[in-house]
Amino acid sequence: MANILLGAALVTGANRGIGLELIRQLVDSERSPRVLFVGCREPEGPRVRDLKNIAEKHPNVIVVKLDVTDSQSIAECVEQVEKVLEKGGLNLLINDAGIATCDTLETLTAEIMEQTFTTNIVAPIMMAKAFVPTLKRAAALSNFKGLSCSKAAVINMSSILGSLELNIDVKGPDDAYSYKTSKAAVNMFTQCLAKQLNPDGILYAALHPSWVQTDMGGNEAPLSVEDSICGLIQVMTSLSDKSEHFLDWKGDHLPW
């Protein structure tokens, strides 16, 4: 298991799928974050049982109520994180929460597009905006040189389906209009943030976890969630200011 040298991290969409497995593997790493905030919409709901079991066994895990599509919920999450960290900063924000539909041009509606974009791109933008002050604080307090997830970083879970180049050059599915366009927007957002905030010591990266066996990915997916997350953690530990910043779970560079 790769080590992540972190003070504090926050993962959205942490109660299932990729987010939940990420929490499982982070807490079992040799150097788990000192504080690991895990966000979910309904902390007391039935779908959070696995996450709460992890939190009960690991005192560094703090479950926070977070609806990434609600500005008030984001503001309350920032307040809770700031209260715990006091004068410290958040070292790593992982925007994992997302949705996917298999809509075609014929079945696509404005409502589907709005819902998908609200969750997959508007939410991570608003999360990053809200947490930039504490990320900047973490970068300023860090003894690490250059850019890294150990210093201050935002990781956006993207998808190879959001690659404009691959969508043009490689034959792929003709559905998932809303999902593919939202992930292309995530990639552009990641580039824009990196250009603006890398000078402040904050690293930004878009990662592709592959097609994974989760509720969203389905049983036909070729990759287990355990293998995907193990690879992603290794990729995150290797990121630096010299890294390509759209990578898959194996660390291979993907074209924007």
# chains A, B, ... in the order shown; residues from 1 in each chain; ligands from 1
>>> residues_around(residues="Leu36 (chain A)", least_positions_apart="6", cutoff="6 Å", atoms="only C-alpha atoms", output="list in words")
Ala8, Ala9, Leu10, Asn60 and Val61 of chain A
>>> select_by_dssp(residues="region 171-246 of chain A", states="alpha helix (DSSP H)", output="mmCIF file with N, CA and C atoms, in the first residue's frame")
data_model
loop_
_atom_site.group_PDB
_atom_site.id
_atom_site.type_symbol
_atom_site.label_atom_id
_atom_site.label_comp_id
_atom_site.auth_asym_id
_atom_site.auth_seq_id
_atom_site.Cartn_x
_atom_site.Cartn_y
_atom_site.Cartn_z
ATOM 1 N N TYR A 177 -24.626 11.029 -23.235
ATOM 2 C CA TYR A 177 -24.353 12.406 -23.656
ATOM 3 C C TYR A 177 -24.080 13.309 -22.457
ATOM 4 N N SER A 178 -24.961 13.254 -21.460
ATOM 5 C CA SER A 178 -24.834 14.167 -20.330
ATOM 6 C C SER A 178 -23.576 13.864 -19.523
ATOM 7 N N TYR A 179 -23.277 12.581 -19.329
ATOM 8 C CA TYR A 179 -22.104 12.204 -18.536
ATOM 9 C C TYR A 179 -20.822 12.609 -19.242
ATOM 10 N N LYS A 180 -20.702 12.297 -20.528
ATOM 11 C CA LYS A 180 -19.472 12.595 -21.260
ATOM 12 C C LYS A 180 -19.210 14.094 -21.335
ATOM 13 N N THR A 181 -20.249 14.879 -21.601
ATOM 14 C CA THR A 181 -20.041 16.321 -21.686
ATOM 15 C C THR A 181 -19.727 16.925 -20.326
ATOM 16 N N SER A 182 -20.311 16.370 -19.265
ATOM 17 C CA SER A 182 -20.004 16.891 -17.926
ATOM 18 C C SER A 182 -18.556 16.600 -17.547
ATOM 19 N N LYS A 183 -18.039 15.443 -17.935
ATOM 20 C CA LYS A 183 -16.656 15.111 -17.609
ATOM 21 C C LYS A 183 -15.670 15.901 -18.473
ATOM 22 N N ALA A 184 -16.052 16.227 -19.695
ATOM 23 C CA ALA A 184 -15.224 17.128 -20.488
ATOM 24 C C ALA A 184 -15.131 18.490 -19.811
ATOM 25 N N ALA A 185 -16.239 18.929 -19.226
ATOM 26 C CA ALA A 185 -16.246 20.192 -18.485
ATOM 27 C C ALA A 185 -15.374 20.103 -17.239
ATOM 28 N N VAL A 186 -15.379 18.948 -16.560
ATOM 29 C CA VAL A 186 -14.506 18.743 -15.399
ATOM 30 C C VAL A 186 -13.044 18.912 -15.802
ATOM 31 N N ASN A 187 -12.682 18.379 -16.954
ATOM 32 C CA ASN A 187 -11.296 18.490 -17.411
ATOM 33 C C ASN A 187 -10.911 19.947 -17.674
ATOM 34 N N MET A 188 -11.792 20.699 -18.316
ATOM 35 C CA MET A 188 -11.510 22.109 -18.560
ATOM 36 C C MET A 188 -11.395 22.877 -17.249
ATOM 37 N N PHE A 189 -12.302 22.589 -16.320
ATOM 38 C CA PHE A 189 -12.266 23.227 -15.006
ATOM 39 C C PHE A 189 -10.949 22.942 -14.299
ATOM 40 N N THR A 190 -10.472 21.696 -14.389
ATOM 41 C CA THR A 190 -9.211 21.326 -13.755
ATOM 42 C C THR A 190 -8.058 22.124 -14.348
ATOM 43 N N GLN A 191 -8.046 22.258 -15.660
ATOM 44 C CA GLN A 191 -6.990 23.030 -16.314
ATOM 45 C C GLN A 191 -7.039 24.499 -15.886
ATOM 46 N N CYS A 192 -8.219 25.061 -15.843
ATOM 47 C CA CYS A 192 -8.359 26.473 -15.458
ATOM 48 C C CYS A 192 -7.872 26.719 -14.038
ATOM 49 N N LEU A 193 -8.245 25.833 -13.115
ATOM 50 C CA LEU A 193 -7.812 25.983 -11.735
ATOM 51 C C LEU A 193 -6.305 25.846 -11.598
ATOM 52 N N ALA A 194 -5.754 24.871 -12.316
ATOM 53 C CA ALA A 194 -4.304 24.664 -12.233
ATOM 54 C C ALA A 194 -3.556 25.910 -12.695
ATOM 55 N N LYS A 195 -4.009 26.499 -13.777
ATOM 56 C CA LYS A 195 -3.351 27.692 -14.312
ATOM 57 C C LYS A 195 -3.407 28.846 -13.318
ATOM 58 N N GLN A 196 -4.542 28.975 -12.627
ATOM 59 C CA GLN A 196 -4.717 30.098 -11.720
ATOM 60 C C GLN A 196 -4.064 29.875 -10.362
ATOM 61 N N LEU A 197 -4.144 28.623 -9.828
ATOM 62 C CA LEU A 197 -3.787 28.416 -8.430
ATOM 63 C C LEU A 197 -2.528 27.590 -8.185
ATOM 64 N N VAL A 225 -13.232 -2.469 -7.879
ATOM 65 C CA VAL A 225 -13.051 -1.182 -7.226
ATOM 66 C C VAL A 225 -11.800 -1.194 -6.355
ATOM 67 N N GLU A 226 -11.449 -2.367 -5.800
ATOM 68 C CA GLU A 226 -10.241 -2.473 -4.966
ATOM 69 C C GLU A 226 -8.980 -2.169 -5.774
ATOM 70 N N ASP A 227 -8.885 -2.750 -6.971
ATOM 71 C CA ASP A 227 -7.708 -2.529 -7.816
ATOM 72 C C ASP A 227 -7.654 -1.091 -8.318
ATOM 73 N N SER A 228 -8.806 -0.548 -8.681
ATOM 74 C CA SER A 228 -8.852 0.826 -9.157
ATOM 75 C C SER A 228 -8.343 1.797 -8.101
ATOM 76 N N ILE A 229 -8.838 1.660 -6.872
ATOM 77 C CA ILE A 229 -8.458 2.593 -5.814
ATOM 78 C C ILE A 229 -7.008 2.402 -5.397
ATOM 79 N N CYS A 230 -6.543 1.166 -5.372
ATOM 80 C CA CYS A 230 -5.130 0.932 -5.061
ATOM 81 C C CYS A 230 -4.247 1.670 -6.058
ATOM 82 N N GLY A 231 -4.617 1.600 -7.342
ATOM 83 C CA GLY A 231 -3.855 2.314 -8.361
ATOM 84 C C GLY A 231 -3.967 3.812 -8.225
ATOM 85 N N LEU A 232 -5.175 4.310 -7.966
ATOM 86 C CA LEU A 232 -5.370 5.754 -7.845
ATOM 87 C C LEU A 232 -4.575 6.343 -6.686
ATOM 88 N N ILE A 233 -4.516 5.628 -5.573
ATOM 89 C CA ILE A 233 -3.745 6.122 -4.432
ATOM 90 C C ILE A 233 -2.268 6.220 -4.797
ATOM 91 N N GLN A 234 -1.759 5.229 -5.501
ATOM 92 C CA GLN A 234 -0.366 5.285 -5.943
ATOM 93 C C GLN A 234 -0.136 6.459 -6.887
ATOM 94 N N VAL A 235 -1.106 6.707 -7.770
ATOM 95 C CA VAL A 235 -0.982 7.844 -8.686
ATOM 96 C C VAL A 235 -0.966 9.157 -7.904
ATOM 97 N N MET A 236 -1.874 9.291 -6.939
ATOM 98 C CA MET A 236 -1.941 10.531 -6.170
ATOM 99 C C MET A 236 -0.652 10.811 -5.406
ATOM 100 N N THR A 237 -0.026 9.755 -4.883
ATOM 101 C CA THR A 237 1.219 9.964 -4.141
ATOM 102 C C THR A 237 2.352 10.413 -5.055
ATOM 103 N N SER A 238 2.238 10.131 -6.350
ATOM 104 C CA SER A 238 3.320 10.464 -7.281
ATOM 105 C C SER A 238 3.131 11.804 -7.980
#
>>> residues_around(residues="Ala75 (chain A)", least_positions_apart="4", cutoff="8 Å", atoms="only C-alpha atoms", output="PyMOL selection string")
chain A and resi 71+79+130
>>> residues_around(residues="region 138-143 of chain A", least_positions_apart="5", cutoff="7 Å", atoms="only C-alpha atoms", output="list in words")
Gly88, Gly89, Leu90, Asn91, Lys151, Ala152, Gly201 and Ile202 of chain A
>>> write_last_selection(atoms="all heavy atoms", output="PDB file, in the first residue's frame")
ATOM      1  N   GLY A  88      -5.088  25.281  11.147  1.00  0.00           N
ATOM      2  CA  GLY A  88      -4.465  24.469  10.114  1.00  0.00           C
ATOM      3  C   GLY A  88      -5.205  24.598   8.794  1.00  0.00           C
ATOM      4  O   GLY A  88      -6.168  25.355   8.664  1.00  0.00           O
ATOM      5  N   GLY A  89      -4.769  23.825   7.801  1.00  0.00           N
ATOM      6  CA  GLY A  89      -5.398  23.884   6.490  1.00  0.00           C
ATOM      7  C   GLY A  89      -5.770  22.502   5.989  1.00  0.00           C
ATOM      8  O   GLY A  89      -5.307  21.486   6.515  1.00  0.00           O
ATOM      9  N   LEU A  90      -6.607  22.465   4.965  1.00  0.00           N
ATOM     10  CA  LEU A  90      -6.979  21.213   4.313  1.00  0.00           C
ATOM     11  C   LEU A  90      -5.957  20.915   3.221  1.00  0.00           C
ATOM     12  O   LEU A  90      -5.747  21.728   2.327  1.00  0.00           O
ATOM     13  CB  LEU A  90      -8.380  21.328   3.710  1.00  0.00           C
ATOM     14  CG  LEU A  90      -8.932  20.046   3.097  1.00  0.00           C
ATOM     15  CD1 LEU A  90      -9.281  19.040   4.191  1.00  0.00           C
ATOM     16  CD2 LEU A  90     -10.171  20.347   2.241  1.00  0.00           C
ATOM     17  N   ASN A  91      -5.333  19.748   3.308  1.00  0.00           N
ATOM     18  CA  ASN A  91      -4.288  19.399   2.344  1.00  0.00           C
ATOM     19  C   ASN A  91      -4.822  18.789   1.057  1.00  0.00           C
ATOM     20  O   ASN A  91      -4.196  18.937   0.001  1.00  0.00           O
ATOM     21  CB  ASN A  91      -3.305  18.414   2.977  1.00  0.00           C
ATOM     22  CG  ASN A  91      -2.645  18.968   4.208  1.00  0.00           C
ATOM     23  OD1 ASN A  91      -3.114  18.745   5.323  1.00  0.00           O
ATOM     24  ND2 ASN A  91      -1.567  19.723   4.045  1.00  0.00           N
ATOM     25  N   LYS A 151       0.931  18.428   0.188  1.00  0.00           N
ATOM     26  CA  LYS A 151       0.984  19.862   0.479  1.00  0.00           C
ATOM     27  C   LYS A 151      -0.410  20.475   0.392  1.00  0.00           C
ATOM     28  O   LYS A 151      -0.983  20.876   1.406  1.00  0.00           O
ATOM     29  CB  LYS A 151       1.931  20.541  -0.501  1.00  0.00           C
ATOM     30  CG  LYS A 151       2.146  22.030  -0.241  1.00  0.00           C
ATOM     31  CD  LYS A 151       3.193  22.565  -1.202  1.00  0.00           C
ATOM     32  CE  LYS A 151       3.507  24.015  -0.933  1.00  0.00           C
ATOM     33  NZ  LYS A 151       4.575  24.536  -1.848  1.00  0.00           N
ATOM     34  N   ALA A 152      -0.948  20.561  -0.804  1.00  0.00           N
ATOM     35  CA  ALA A 152      -2.309  21.048  -1.018  1.00  0.00           C
ATOM     36  C   ALA A 152      -2.723  20.646  -2.429  1.00  0.00           C
ATOM     37  O   ALA A 152      -1.989  20.897  -3.379  1.00  0.00           O
ATOM     38  CB  ALA A 152      -2.388  22.562  -0.854  1.00  0.00           C
ATOM     39  N   GLY A 201       0.628  27.184  -4.748  1.00  0.00           N
ATOM     40  CA  GLY A 201       1.064  25.930  -4.137  1.00  0.00           C
ATOM     41  C   GLY A 201       0.013  24.844  -4.113  1.00  0.00           C
ATOM     42  O   GLY A 201       0.168  23.852  -3.407  1.00  0.00           O
ATOM     43  N   ILE A 202      -1.073  25.009  -4.888  1.00  0.00           N
ATOM     44  CA  ILE A 202      -2.150  24.023  -4.905  1.00  0.00           C
ATOM     45  C   ILE A 202      -2.104  23.234  -6.211  1.00  0.00           C
ATOM     46  O   ILE A 202      -2.152  23.811  -7.294  1.00  0.00           O
ATOM     47  CB  ILE A 202      -3.529  24.684  -4.754  1.00  0.00           C
ATOM     48  CG1 ILE A 202      -3.563  25.571  -3.501  1.00  0.00           C
ATOM     49  CG2 ILE A 202      -4.620  23.626  -4.670  1.00  0.00           C
ATOM     50  CD1 ILE A 202      -4.839  26.386  -3.367  1.00  0.00           C
TER      51      ILE A 202
END
>>> atom_distance(atom1="CA of His58 (chain A)", atom2="CA of Val27 (chain A)")
7.2 Å
>>> atom_distance(atom1="CA of Lys65 (chain A)", atom2="CA of Glu30 (chain A)")
27.1 Å
>>> atom_distance(atom1="CA of Gln80 (chain A)", atom2="CA of Ser150 (chain A)")
21.4 Å
>>> residues_around(residues="Asp50 (chain A)", least_positions_apart="3", cutoff="10 Å", atoms="only C-alpha atoms", output="list in words")
Asn15, Arg16, Leu20, Arg24, Pro46, Arg47, Asn53, Ile54 and Ala55 of chain A
>>> closest_residue(among="A:Ala176, A:Ile62, A:Val154, A:Val48", to="Ile99 (chain A)", atoms="only C-alpha atoms")
A:Ala176
>>> residues_around(residues="Cys40 (chain A)", least_positions_apart="5", cutoff="10 Å", atoms="only C-alpha atoms", output="tab-separated table (two decimals) with all heavy atoms, in the first residue's frame")
chain	number	residue	atom	x	y	z
A	11	VAL	N	-13.13	13.86	1.35
A	11	VAL	CA	-13.61	13.09	0.19
A	11	VAL	C	-15.12	13.25	0.11
A	11	VAL	O	-15.84	13.00	1.08
A	11	VAL	CB	-13.25	11.60	0.32
A	11	VAL	CG1	-13.76	10.83	-0.90
A	11	VAL	CG2	-11.75	11.41	0.48
A	12	THR	N	-15.62	13.66	-1.06
A	12	THR	CA	-17.06	13.75	-1.26
A	12	THR	C	-17.58	12.43	-1.84
A	12	THR	O	-16.83	11.64	-2.40
A	12	THR	CB	-17.43	14.90	-2.22
A	12	THR	OG1	-17.02	14.57	-3.56
A	12	THR	CG2	-16.77	16.20	-1.79
A	13	GLY	N	-18.89	12.22	-1.71
A	13	GLY	CA	-19.48	10.98	-2.22
A	13	GLY	C	-18.86	9.75	-1.59
A	13	GLY	O	-18.61	8.74	-2.26
A	14	ALA	N	-18.65	9.81	-0.27
A	14	ALA	CA	-17.83	8.79	0.40
A	14	ALA	C	-18.61	7.59	0.91
A	14	ALA	O	-18.01	6.67	1.48
A	14	ALA	CB	-17.08	9.44	1.58
A	15	ASN	N	-19.90	7.55	0.72
A	15	ASN	CA	-20.69	6.48	1.33
A	15	ASN	C	-20.88	5.26	0.43
A	15	ASN	O	-21.44	4.26	0.85
A	15	ASN	CB	-22.07	7.01	1.74
A	15	ASN	CG	-22.89	7.47	0.56
A	15	ASN	OD1	-22.48	8.38	-0.15
A	15	ASN	ND2	-24.06	6.88	0.34
A	16	ARG	N	-20.39	5.31	-0.82
A	16	ARG	CA	-20.56	4.15	-1.70
A	16	ARG	C	-19.51	4.15	-2.80
A	16	ARG	O	-18.81	5.14	-3.02
A	16	ARG	CB	-21.96	4.16	-2.34
A	16	ARG	CG	-22.22	5.33	-3.27
A	16	ARG	CD	-23.68	5.40	-3.67
A	16	ARG	NE	-23.95	6.52	-4.58
A	16	ARG	CZ	-24.14	6.40	-5.90
A	16	ARG	NH1	-24.07	5.20	-6.45
A	16	ARG	NH2	-24.39	7.44	-6.64
A	19	GLY	N	-15.79	6.21	-3.71
A	19	GLY	CA	-15.52	7.00	-2.52
A	19	GLY	C	-15.36	6.16	-1.28
A	19	GLY	O	-14.44	6.37	-0.49
A	45	GLY	N	-28.56	7.97	7.32
A	45	GLY	CA	-29.35	7.12	6.44
A	45	GLY	C	-28.84	5.69	6.38
A	45	GLY	O	-27.71	5.39	6.80
A	47	ARG	N	-27.85	3.92	3.91
A	47	ARG	CA	-26.79	3.64	2.94
A	47	ARG	C	-25.41	4.09	3.45
A	47	ARG	O	-24.43	4.01	2.73
A	47	ARG	CB	-27.08	4.33	1.61
A	47	ARG	CG	-28.40	3.89	0.99
A	47	ARG	CD	-28.57	4.42	-0.41
A	47	ARG	NE	-27.63	3.79	-1.33
A	47	ARG	CZ	-27.57	4.07	-2.63
A	47	ARG	NH1	-28.39	4.97	-3.14
A	47	ARG	NH2	-26.70	3.47	-3.40
A	48	VAL	N	-25.36	4.56	4.70
A	48	VAL	CA	-24.10	5.06	5.25
A	48	VAL	C	-23.55	4.11	6.31
A	48	VAL	O	-22.58	4.40	6.98
A	48	VAL	CB	-24.31	6.48	5.84
A	48	VAL	CG1	-22.98	7.14	6.18
A	48	VAL	CG2	-25.04	7.37	4.84
A	51	LEU	N	-19.83	3.20	5.95
A	51	LEU	CA	-18.98	4.34	6.24
A	51	LEU	C	-18.92	4.61	7.74
A	51	LEU	O	-17.84	4.89	8.30
A	51	LEU	CB	-19.52	5.57	5.50
A	51	LEU	CG	-18.66	6.84	5.58
A	51	LEU	CD1	-17.29	6.60	4.98
A	51	LEU	CD2	-19.37	7.98	4.85
A	63	VAL	N	-17.31	11.89	9.81
A	63	VAL	CA	-18.39	11.93	8.83
A	63	VAL	C	-19.07	13.29	8.90
A	63	VAL	O	-19.49	13.74	9.97
A	63	VAL	CB	-19.42	10.81	9.10
A	63	VAL	CG1	-20.54	10.86	8.06
A	63	VAL	CG2	-18.74	9.44	9.07
A	64	VAL	N	-19.17	13.96	7.75
A	64	VAL	CA	-19.81	15.28	7.69
A	64	VAL	C	-20.99	15.24	6.73
A	64	VAL	O	-20.94	14.59	5.68
A	64	VAL	CB	-18.82	16.38	7.27
A	64	VAL	CG1	-17.72	16.55	8.30
A	64	VAL	CG2	-18.21	16.08	5.90
A	65	LYS	N	-22.06	15.91	7.11
A	65	LYS	CA	-23.21	16.03	6.22
A	65	LYS	C	-22.87	16.98	5.10
A	65	LYS	O	-22.48	18.12	5.33
A	65	LYS	CB	-24.43	16.53	6.99
A	65	LYS	CG	-25.69	16.57	6.14
A	65	LYS	CD	-26.91	16.97	6.98
A	65	LYS	CE	-28.17	16.95	6.11
A	65	LYS	NZ	-29.38	17.31	6.91
A	66	LEU	N	-23.01	16.50	3.86
A	66	LEU	CA	-22.60	17.32	2.72
A	66	LEU	C	-23.41	16.94	1.49
A	66	LEU	O	-23.31	15.83	0.98
A	66	LEU	CB	-21.11	17.14	2.44
A	66	LEU	CG	-20.57	17.83	1.18
A	66	LEU	CD1	-20.76	19.35	1.27
A	66	LEU	CD2	-19.10	17.48	0.97
A	67	ASP	N	-24.21	17.89	1.04
A	67	ASP	CA	-24.87	17.78	-0.26
A	67	ASP	C	-24.15	18.74	-1.18
A	67	ASP	O	-24.29	19.96	-1.08
A	67	ASP	CB	-26.35	18.16	-0.13
A	67	ASP	CG	-27.10	18.05	-1.47
A	67	ASP	OD1	-26.45	17.87	-2.52
A	67	ASP	OD2	-28.34	18.15	-1.45
A	68	VAL	N	-23.34	18.19	-2.10
A	68	VAL	CA	-22.48	19.03	-2.94
A	68	VAL	C	-23.26	19.89	-3.92
A	68	VAL	O	-22.68	20.80	-4.54
A	68	VAL	CB	-21.45	18.17	-3.69
A	68	VAL	CG1	-20.49	17.49	-2.73
A	68	VAL	CG2	-22.13	17.16	-4.61
A	97	ALA	N	-18.02	12.74	-5.72
A	97	ALA	CA	-19.47	12.62	-5.91
A	97	ALA	C	-19.84	12.85	-7.37
A	97	ALA	O	-19.38	13.80	-8.00
A	97	ALA	CB	-20.20	13.63	-5.02
